[in-house]
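J.: This is the content of work14.pdb (PDB, C-alpha atoms):
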ATOM      1  CA  MET A   1       0.000   0.000   0.000
ATOM      2  CA  LYS A   2       2.824   2.412   0.826
ATOM      3  CA  GLN A   3       4.350   1.927  -2.645
ATOM      4  CA  ARG A   4       1.024   2.772  -4.337
ATOM      5  CA  ARG A   5       0.597   5.915  -2.236
ATOM      6  CA  SER A   6       4.084   7.212  -3.100
ATOM      7  CA  TRP A   7       3.433   6.604  -6.823
ATOM      8  CA  PHE A   8       0.146   8.551  -6.570
ATOM      9  CA  LEU A   9       1.799  11.487  -4.758
ATOM     10  CA  GLY A  10       4.572  11.562  -7.366
ATOM     11  CA  ALA A  11       1.963  11.678 -10.154
ATOM     12  CA  LEU A  12       0.190  14.551  -8.380
ATOM     13  CA  ARG A  13       3.423  16.542  -8.182
ATOM     14  CA  VAL A  14       4.142  16.013 -11.886
ATOM     15  CA  GLY A  15       0.567  17.015 -12.791
ATOM     16  CA  ALA A  16       0.778  20.164 -10.682
ATOM     17  CA  VAL A  17       4.020  21.217 -12.380
ATOM     18  CA  ALA A  18       2.436  20.705 -15.820
ATOM     19  CA  VAL A  19      -0.616  22.803 -14.908
ATOM     20  CA  CYS A  20       1.494  25.630 -13.443
ATOM     21  CA  SER A  21       3.658  25.897 -16.540
ATOM     22  CA  CYS A  22       0.587  26.097 -18.782
ATOM     23  CA  ILE A  23      -1.058  28.994 -16.979
ATOM     24  CA  SER A  24       1.907  31.283 -16.496
ATOM     25  CA  ASP A  25       1.797  34.591 -18.375
ATOM     26  CA  PHE A  26       4.575  35.201 -20.920
ATOM     27  CA  GLY A  27       6.490  32.250 -19.559
ATOM     28  CA  GLY A  28       6.319  28.552 -18.868
ATOM     29  CA  ASP A  29       8.385  25.933 -20.580
ATOM     30  CA  GLU A  30      10.171  26.785 -23.804
ATOM     31  CA  SER A  31       8.056  24.575 -26.122
ATOM     32  CA  GLY A  32       4.674  26.240 -25.497
ATOM     33  CA  ARG A  33       5.893  29.569 -24.210
ATOM     34  CA  ILE A  34       3.514  32.497 -24.669
ATOM     35  CA  VAL A  35       5.410  35.221 -26.512
ATOM     36  CA  ALA A  36       2.625  37.679 -27.384
ATOM     37  CA  TYR A  37      -1.094  38.366 -27.427
ATOM     38  CA  LEU A  38      -3.357  39.222 -30.331
ATOM     39  CA  GLU A  39      -4.474  42.690 -29.247
ATOM     40  CA  SER A  40      -6.926  43.219 -32.100
ATOM     41  CA  SER A  41      -7.838  41.558 -35.346
ATOM     42  CA  ASP A  42     -10.242  41.918 -38.234
ATOM     43  CA  LYS A  43     -12.216  39.175 -39.858
ATOM     44  CA  GLY A  44      -9.820  37.219 -42.056
ATOM     45  CA  VAL A  45      -6.965  36.847 -39.535
ATOM     46  CA  GLU A  46      -5.803  33.271 -38.964
ATOM     47  CA  THR A  47      -3.183  31.500 -36.847
ATOM     48  CA  ARG A  48      -1.279  28.248 -37.203
ATOM     49  CA  LEU A  49       0.347  26.426 -34.292
ATOM     50  CA  PRO A  50       3.973  25.276 -34.599
ATOM     51  CA  GLY A  51       4.244  21.978 -36.464
ATOM     52  CA  SER A  52       0.710  22.221 -37.877
ATOM     53  CA  HIS A  53      -0.377  22.795 -41.458
ATOM     54  CA  ARG A  54      -3.910  23.843 -40.480
ATOM     55  CA  TRP A  55      -4.888  27.520 -40.228
ATOM     56  CA  GLU A  56      -7.570  28.449 -37.661
ATOM     57  CA  PRO A  57      -9.536  31.717 -37.243
ATOM     58  CA  ALA A  58      -7.827  34.061 -34.765
ATOM     59  CA  THR A  59      -9.641  35.670 -31.840
ATOM     60  CA  THR A  60      -8.841  38.992 -30.195
ATOM     61  CA  GLY A  61      -7.046  38.485 -26.884
ATOM     62  CA  MET A  62      -5.702  35.045 -27.707
ATOM     63  CA  ALA A  63      -2.237  34.034 -26.490
ATOM     64  CA  LEU A  64       0.377  33.396 -29.166
ATOM     65  CA  VAL A  65       3.144  30.883 -28.496
ATOM     66  CA  ASP A  66       6.718  30.544 -29.714
ATOM     67  CA  GLY A  67       6.666  29.424 -33.349
ATOM     68  CA  GLN A  68       3.000  30.255 -33.972
ATOM     69  CA  SER A  69       2.187  31.948 -37.279
ATOM     70  CA  VAL A  70      -0.328  34.704 -37.984
ATOM     71  CA  ARG A  71      -1.627  35.638 -41.422
ATOM     72  CA  THR A  72      -3.971  38.339 -42.627
ATOM     73  CA  ALA A  73      -6.302  38.190 -45.613
ATOM     74  CA  PRO A  74      -6.806  41.027 -48.114
ATOM     75  CA  GLY A  75      -8.382  43.999 -46.305
ATOM     76  CA  SER A  76      -7.651  42.716 -42.767
ATOM     77  CA  THR A  77      -5.039  43.673 -40.160
ATOM     78  CA  ALA A  78      -3.934  42.467 -36.728
ATOM     79  CA  ARG A  79      -2.144  44.089 -33.764
ATOM     80  CA  ILE A  80       0.193  41.948 -31.680
ATOM     81  CA  SER A  81       1.508  43.004 -28.260
ATOM     82  CA  PHE A  82       4.678  41.571 -26.737
ATOM     83  CA  ALA A  83       5.797  41.256 -23.095
ATOM     84  CA  SER A  84       8.261  44.093 -23.689
ATOM     85  CA  GLY A  85       5.356  46.471 -24.340
ATOM     86  CA  SER A  86       6.027  46.641 -28.080
ATOM     87  CA  VAL A  87       2.964  46.539 -30.300
ATOM     88  CA  TRP A  88       3.189  45.639 -33.982
ATOM     89  CA  THR A  89       0.579  45.960 -36.720
ATOM     90  CA  ILE A  90       0.431  43.137 -39.240
ATOM     91  CA  ALA A  91      -0.750  44.621 -42.559
ATOM     92  CA  GLU A  92      -3.147  42.950 -44.973
ATOM     93  CA  GLU A  93      -1.887  39.932 -46.937
ATOM     94  CA  THR A  94       0.959  39.317 -44.488
ATOM     95  CA  THR A  95       2.258  36.131 -42.872
ATOM     96  CA  VAL A  96       4.551  36.223 -39.822
ATOM     97  CA  THR A  97       5.915  33.694 -37.344
ATOM     98  CA  LEU A  98       6.410  34.777 -33.731
ATOM     99  CA  LEU A  99       9.626  33.708 -32.066
ATOM    100  CA  ARG A 100      10.783  33.560 -28.470
ATOM    101  CA  GLU A 101      12.332  36.862 -27.489
ATOM    102  CA  VAL A 102      16.120  36.577 -27.344
ATOM    103  CA  ARG A 103      16.225  39.438 -24.859
ATOM    104  CA  GLU A 104      13.339  40.211 -22.540
ATOM    105  CA  ASP A 105      12.841  43.619 -24.178
ATOM    106  CA  SER A 106      13.241  42.539 -27.790
ATOM    107  CA  PRO A 107      10.317  41.020 -29.758
ATOM    108  CA  ALA A 108      11.194  38.623 -32.538
ATOM    109  CA  ILE A 109       9.072  38.278 -35.677
ATOM    110  CA  SER A 110       9.950  36.277 -38.756
ATOM    111  CA  LEU A 111       8.343  37.996 -41.750
ATOM    112  CA  GLU A 112       7.396  35.455 -44.405
ATOM    113  CA  LEU A 113       5.347  37.725 -46.668
ATOM    114  CA  GLY A 114       3.960  41.254 -46.502
ATOM    115  CA  VAL A 115       4.459  44.222 -44.160
ATOM    116  CA  VAL A 116       4.827  44.616 -40.377
ATOM    117  CA  ARG A 117       4.860  48.066 -38.735
ATOM    118  CA  PRO A 118       5.593  49.148 -35.175
ATOM    119  CA  SER A 119       2.511  50.756 -33.657
ATOM    120  CA  GLY A 120       3.411  51.029 -29.977
ATOM    121  CA  PRO A 121       6.418  51.578 -27.710
ATOM    122  CA  ILE A 122       9.571  49.960 -29.052
ATOM    123  CA  SER A 123      12.593  49.083 -26.942
ATOM    124  CA  ARG A 124      16.000  50.057 -28.214
TER     125      ARG A 124
END
Represent the supplied structure as structure tokens.
T.:
Amino acid sequence: MKQRRSWFLGALRVGAVAVCSCISDFGGDESGRIVAYLESSDKGVETRLPGSHRWEPATTGMALVDGQSVRTAPGSTARISFASGSVWTIAEETTVTLLREVREDSPAISLELGVVRPSGPISR
């Protein structure tokens, strides 16, 4: 009985660590780390999770993780805010991939197609 109880307690500890890392803001483990939030978006903005080929409709306020892509359709835009306080506008017909910030005050965006403009405070 003692061996079963210690296995159960160990499983609880592991589960608690997994839950804590999922709910932390702009942090957590490196694989699913939140790097930004979608501050605003028009109809026609989509996101794709890392390793996926499927695009899903984006929703304002959603968390964006390391490696997640955002694309805008013709006539639509999106604003993305980073932990550093920087806000970037993704122009129409643009595809970007968000990357983990190398420095805490430095957002990282990989531009695949289109135009990205700063629209908020930018760290230097």
J.: What separation in Å, quoted to one decimal, exists between atom CA of A:Met62 and atom CA of A:Glu39?
T.: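 Separation of atom CA of A:Met62 and atom CA of A:Glu39: 7.9 Å.
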J.: Atom CA of A:Ala83 to atom CA of A:Val65: how many Å, to one decimal?
T.: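 It comes out at 12.0 Å.
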J.: Neighbouring residues of A:Thr89 were defined as those with any atom within 10 Å, considering only C-alpha atoms; residues of the same chain fewer than 3 positions away were excluded. Please report them as a tab-separated table (two decimals) with C-alpha atoms, in the coordinates of the input.
T.:
chain	number	residue	atom	x	y	z
A	39	GLU	CA	-4.47	42.69	-29.25
A	40	SER	CA	-6.93	43.22	-32.10
A	41	SER	CA	-7.84	41.56	-35.35
A	77	THR	CA	-5.04	43.67	-40.16
A	78	ALA	CA	-3.93	42.47	-36.73
A	79	ARG	CA	-2.14	44.09	-33.76
A	80	ILE	CA	0.19	41.95	-31.68
A	81	SER	CA	1.51	43.00	-28.26
A	92	GLU	CA	-3.15	42.95	-44.97
A	115	VAL	CA	4.46	44.22	-44.16
A	116	VAL	CA	4.83	44.62	-40.38
A	117	ARG	CA	4.86	48.07	-38.74
A	118	PRO	CA	5.59	49.15	-35.17
A	119	SER	CA	2.51	50.76	-33.66
A	120	GLY	CA	3.41	51.03	-29.98
J.: Edge lengths and centre, in Å to one decimal, as JSON: that's what I need for the box along x, y and z that holds all listed atoms of stretch 70-73 of chain A plus 6 Å on each side.
T.:
{"center_x": -3.3, "center_y": 36.5, "center_z": -41.8, "size_x": 18.0, "size_y": 15.6, "size_z": 19.6}
J.: One decimal, Å: what's the distance from atom CA of A:Ala36 over to atom CA of A:Leu98, could you say?
T.: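 Atom-to-atom, atom CA of A:Ala36 and atom CA of A:Leu98 are spaced 7.9 Å apart.
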J.: Which residue, A:Val70, A:Val35, A:Leu111, A:Ala58, has the smallest gap to A:Gly85 when you use all atoms listed in the file?
T.: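 Checking each of A:Val70, A:Val35, A:Leu111, A:Ala58 against A:Gly85, counting all atoms listed in the file, the winner is A:Val35.
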J.: Find the residues near A:Pro57: any atom within 9 Å, counting all atoms listed in the file, skip ones fewer than 5 places away on the same chain, and give them as a list in words.
T.: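 Listed by chain and then number, they are Lys43, Gly44, Val45, Glu46, Thr47 and Arg48 of chain A.
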J.: Go ahead and write the residues just picked, C-alpha atoms, as a PDB file, keeping the file's coordinate frame.
T.:
ATOM      1  CA  LYS A  43     -12.216  39.175 -39.858  1.00  0.00           C
ATOM      2  CA  GLY A  44      -9.820  37.219 -42.056  1.00  0.00           C
ATOM      3  CA  VAL A  45      -6.965  36.847 -39.535  1.00  0.00           C
ATOM      4  CA  GLU A  46      -5.803  33.271 -38.964  1.00  0.00           C
ATOM      5  CA  THR A  47      -3.183  31.500 -36.847  1.00  0.00           C
ATOM      6  CA  ARG A  48      -1.279  28.248 -37.203  1.00  0.00           C
TER       7      ARG A  48
END
J.: Go through the shown structure with the PyMOL selection byres ((chain A and resi 93) around 8) and write out the matching residues as an mmCIF file with C-alpha atoms, keeping the file's coordinate frame.
T.:
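That gives us selection-v3.cif:
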data_model
loop_
_atom_site.group_PDB
_atom_site.id
_atom_site.type_symbol
_atom_site.label_atom_id
_atom_site.label_comp_id
_atom_site.auth_asym_id
_atom_site.auth_seq_id
_atom_site.Cartn_x
_atom_site.Cartn_y
_atom_site.Cartn_z
ATOM 1 C CA ARG A 71 -1.627 35.638 -41.422
ATOM 2 C CA THR A 72 -3.971 38.339 -42.627
ATOM 3 C CA ALA A 73 -6.302 38.190 -45.613
ATOM 4 C CA PRO A 74 -6.806 41.027 -48.114
ATOM 5 C CA GLY A 75 -8.382 43.999 -46.305
ATOM 6 C CA SER A 76 -7.651 42.716 -42.767
ATOM 7 C CA ALA A 91 -0.750 44.621 -42.559
ATOM 8 C CA GLU A 92 -3.147 42.950 -44.973
ATOM 9 C CA THR A 94 0.959 39.317 -44.488
ATOM 10 C CA THR A 95 2.258 36.131 -42.872
ATOM 11 C CA LEU A 113 5.347 37.725 -46.668
ATOM 12 C CA GLY A 114 3.960 41.254 -46.502
#
J.: For A:Gly67, work out the shell of residues within 7 Å, counting all atoms listed in the file and skipping chain neighbours fewer than 3 positions away, then give it as a PyMOL selection string.
T.: chain A and resi 50+97-99
J.: Start from the incomplete input, build N, CA and C atoms for stretch 33-61 of chain A, and deliver everything as an mmCIF file, in the coordinates of the input.
T.:
data_model
loop_
_atom_site.group_PDB
_atom_site.id
_atom_site.type_symbol
_atom_site.label_atom_id
_atom_site.label_comp_id
_atom_site.auth_asym_id
_atom_site.auth_seq_id
_atom_site.Cartn_x
_atom_site.Cartn_y
_atom_site.Cartn_z
ATOM 1 N N ARG A 33 5.756 28.283 -24.888
ATOM 2 C CA ARG A 33 5.893 29.569 -24.210
ATOM 3 C C ARG A 33 5.081 30.654 -24.906
ATOM 4 N N ILE A 34 4.277 31.375 -24.130
ATOM 5 C CA ILE A 34 3.514 32.497 -24.669
ATOM 6 C C ILE A 34 4.485 33.641 -24.922
ATOM 7 N N VAL A 35 4.492 34.134 -26.162
ATOM 8 C CA VAL A 35 5.410 35.221 -26.512
ATOM 9 C C VAL A 35 4.683 36.530 -26.790
ATOM 10 N N ALA A 36 3.377 36.466 -27.054
ATOM 11 C CA ALA A 36 2.625 37.679 -27.384
ATOM 12 C C ALA A 36 1.132 37.396 -27.262
ATOM 13 N N TYR A 37 0.362 38.478 -27.405
ATOM 14 C CA TYR A 37 -1.094 38.366 -27.427
ATOM 15 C C TYR A 37 -1.628 39.081 -28.654
ATOM 16 N N LEU A 38 -2.704 38.573 -29.216
ATOM 17 C CA LEU A 38 -3.357 39.222 -30.331
ATOM 18 C C LEU A 38 -4.252 40.316 -29.750
ATOM 19 N N GLU A 39 -3.785 41.554 -29.856
ATOM 20 C CA GLU A 39 -4.474 42.690 -29.247
ATOM 21 C C GLU A 39 -5.764 43.031 -29.984
ATOM 22 N N SER A 40 -5.723 42.983 -31.294
ATOM 23 C CA SER A 40 -6.926 43.219 -32.100
ATOM 24 C C SER A 40 -6.760 42.529 -33.443
ATOM 25 N N SER A 41 -7.897 42.191 -34.029
ATOM 26 C CA SER A 41 -7.838 41.558 -35.346
ATOM 27 C C SER A 41 -9.156 41.765 -36.076
ATOM 28 N N ASP A 42 -9.066 41.822 -37.374
ATOM 29 C CA ASP A 42 -10.242 41.918 -38.234
ATOM 30 C C ASP A 42 -10.651 40.509 -38.639
ATOM 31 N N LYS A 43 -11.797 40.437 -39.259
ATOM 32 C CA LYS A 43 -12.216 39.175 -39.858
ATOM 33 C C LYS A 43 -11.176 38.832 -40.933
ATOM 34 N N GLY A 44 -10.807 37.596 -41.048
ATOM 35 C CA GLY A 44 -9.820 37.219 -42.056
ATOM 36 C C GLY A 44 -8.417 37.051 -41.491
ATOM 37 N N VAL A 45 -8.263 37.104 -40.157
ATOM 38 C CA VAL A 45 -6.965 36.847 -39.535
ATOM 39 C C VAL A 45 -6.968 35.404 -39.028
ATOM 40 N N GLU A 46 -5.899 34.677 -39.347
ATOM 41 C CA GLU A 46 -5.803 33.271 -38.964
ATOM 42 C C GLU A 46 -4.472 32.994 -38.279
ATOM 43 N N THR A 47 -4.432 31.932 -37.486
ATOM 44 C CA THR A 47 -3.183 31.500 -36.847
ATOM 45 C C THR A 47 -2.949 30.029 -37.120
ATOM 46 N N ARG A 48 -1.679 29.648 -37.027
ATOM 47 C CA ARG A 48 -1.279 28.248 -37.203
ATOM 48 C C ARG A 48 -0.282 27.909 -36.103
ATOM 49 N N LEU A 49 -0.556 26.856 -35.370
ATOM 50 C CA LEU A 49 0.347 26.426 -34.292
ATOM 51 C C LEU A 49 1.623 25.827 -34.870
ATOM 52 N N PRO A 50 2.718 25.861 -34.120
ATOM 53 C CA PRO A 50 3.973 25.276 -34.599
ATOM 54 C C PRO A 50 3.782 23.792 -34.931
ATOM 55 N N GLY A 51 4.312 23.383 -36.055
ATOM 56 C CA GLY A 51 4.244 21.978 -36.464
ATOM 57 C C GLY A 51 2.942 21.580 -37.141
ATOM 58 N N SER A 52 2.003 22.508 -37.248
ATOM 59 C CA SER A 52 0.710 22.221 -37.877
ATOM 60 C C SER A 52 0.674 22.814 -39.279
ATOM 61 N N HIS A 53 -0.175 22.244 -40.121
ATOM 62 C CA HIS A 53 -0.377 22.795 -41.458
ATOM 63 C C HIS A 53 -1.761 23.429 -41.573
ATOM 64 N N ARG A 54 -2.526 23.379 -40.475
ATOM 65 C CA ARG A 54 -3.910 23.843 -40.480
ATOM 66 C C ARG A 54 -4.030 25.259 -39.916
ATOM 67 N N TRP A 55 -4.639 26.145 -40.669
ATOM 68 C CA TRP A 55 -4.888 27.520 -40.228
ATOM 69 C C TRP A 55 -6.253 27.577 -39.561
ATOM 70 N N GLU A 56 -6.338 28.302 -38.433
ATOM 71 C CA GLU A 56 -7.570 28.449 -37.661
ATOM 72 C C GLU A 56 -7.898 29.937 -37.535
ATOM 73 N N PRO A 57 -9.184 30.300 -37.451
ATOM 74 C CA PRO A 57 -9.536 31.717 -37.243
ATOM 75 C C PRO A 57 -8.942 32.232 -35.928
ATOM 76 N N ALA A 58 -8.416 33.433 -35.958
ATOM 77 C CA ALA A 58 -7.827 34.061 -34.765
ATOM 78 C C ALA A 58 -8.916 34.782 -33.983
ATOM 79 N N THR A 59 -8.705 34.920 -32.673
ATOM 80 C CA THR A 59 -9.641 35.670 -31.840
ATOM 81 C C THR A 59 -8.876 36.730 -31.053
ATOM 82 N N THR A 60 -9.461 37.907 -30.943
ATOM 83 C CA THR A 60 -8.841 38.992 -30.195
ATOM 84 C C THR A 60 -8.602 38.554 -28.755
ATOM 85 N N GLY A 61 -7.404 38.847 -28.251
ATOM 86 C CA GLY A 61 -7.046 38.485 -26.884
ATOM 87 C C GLY A 61 -6.372 37.137 -26.742
#
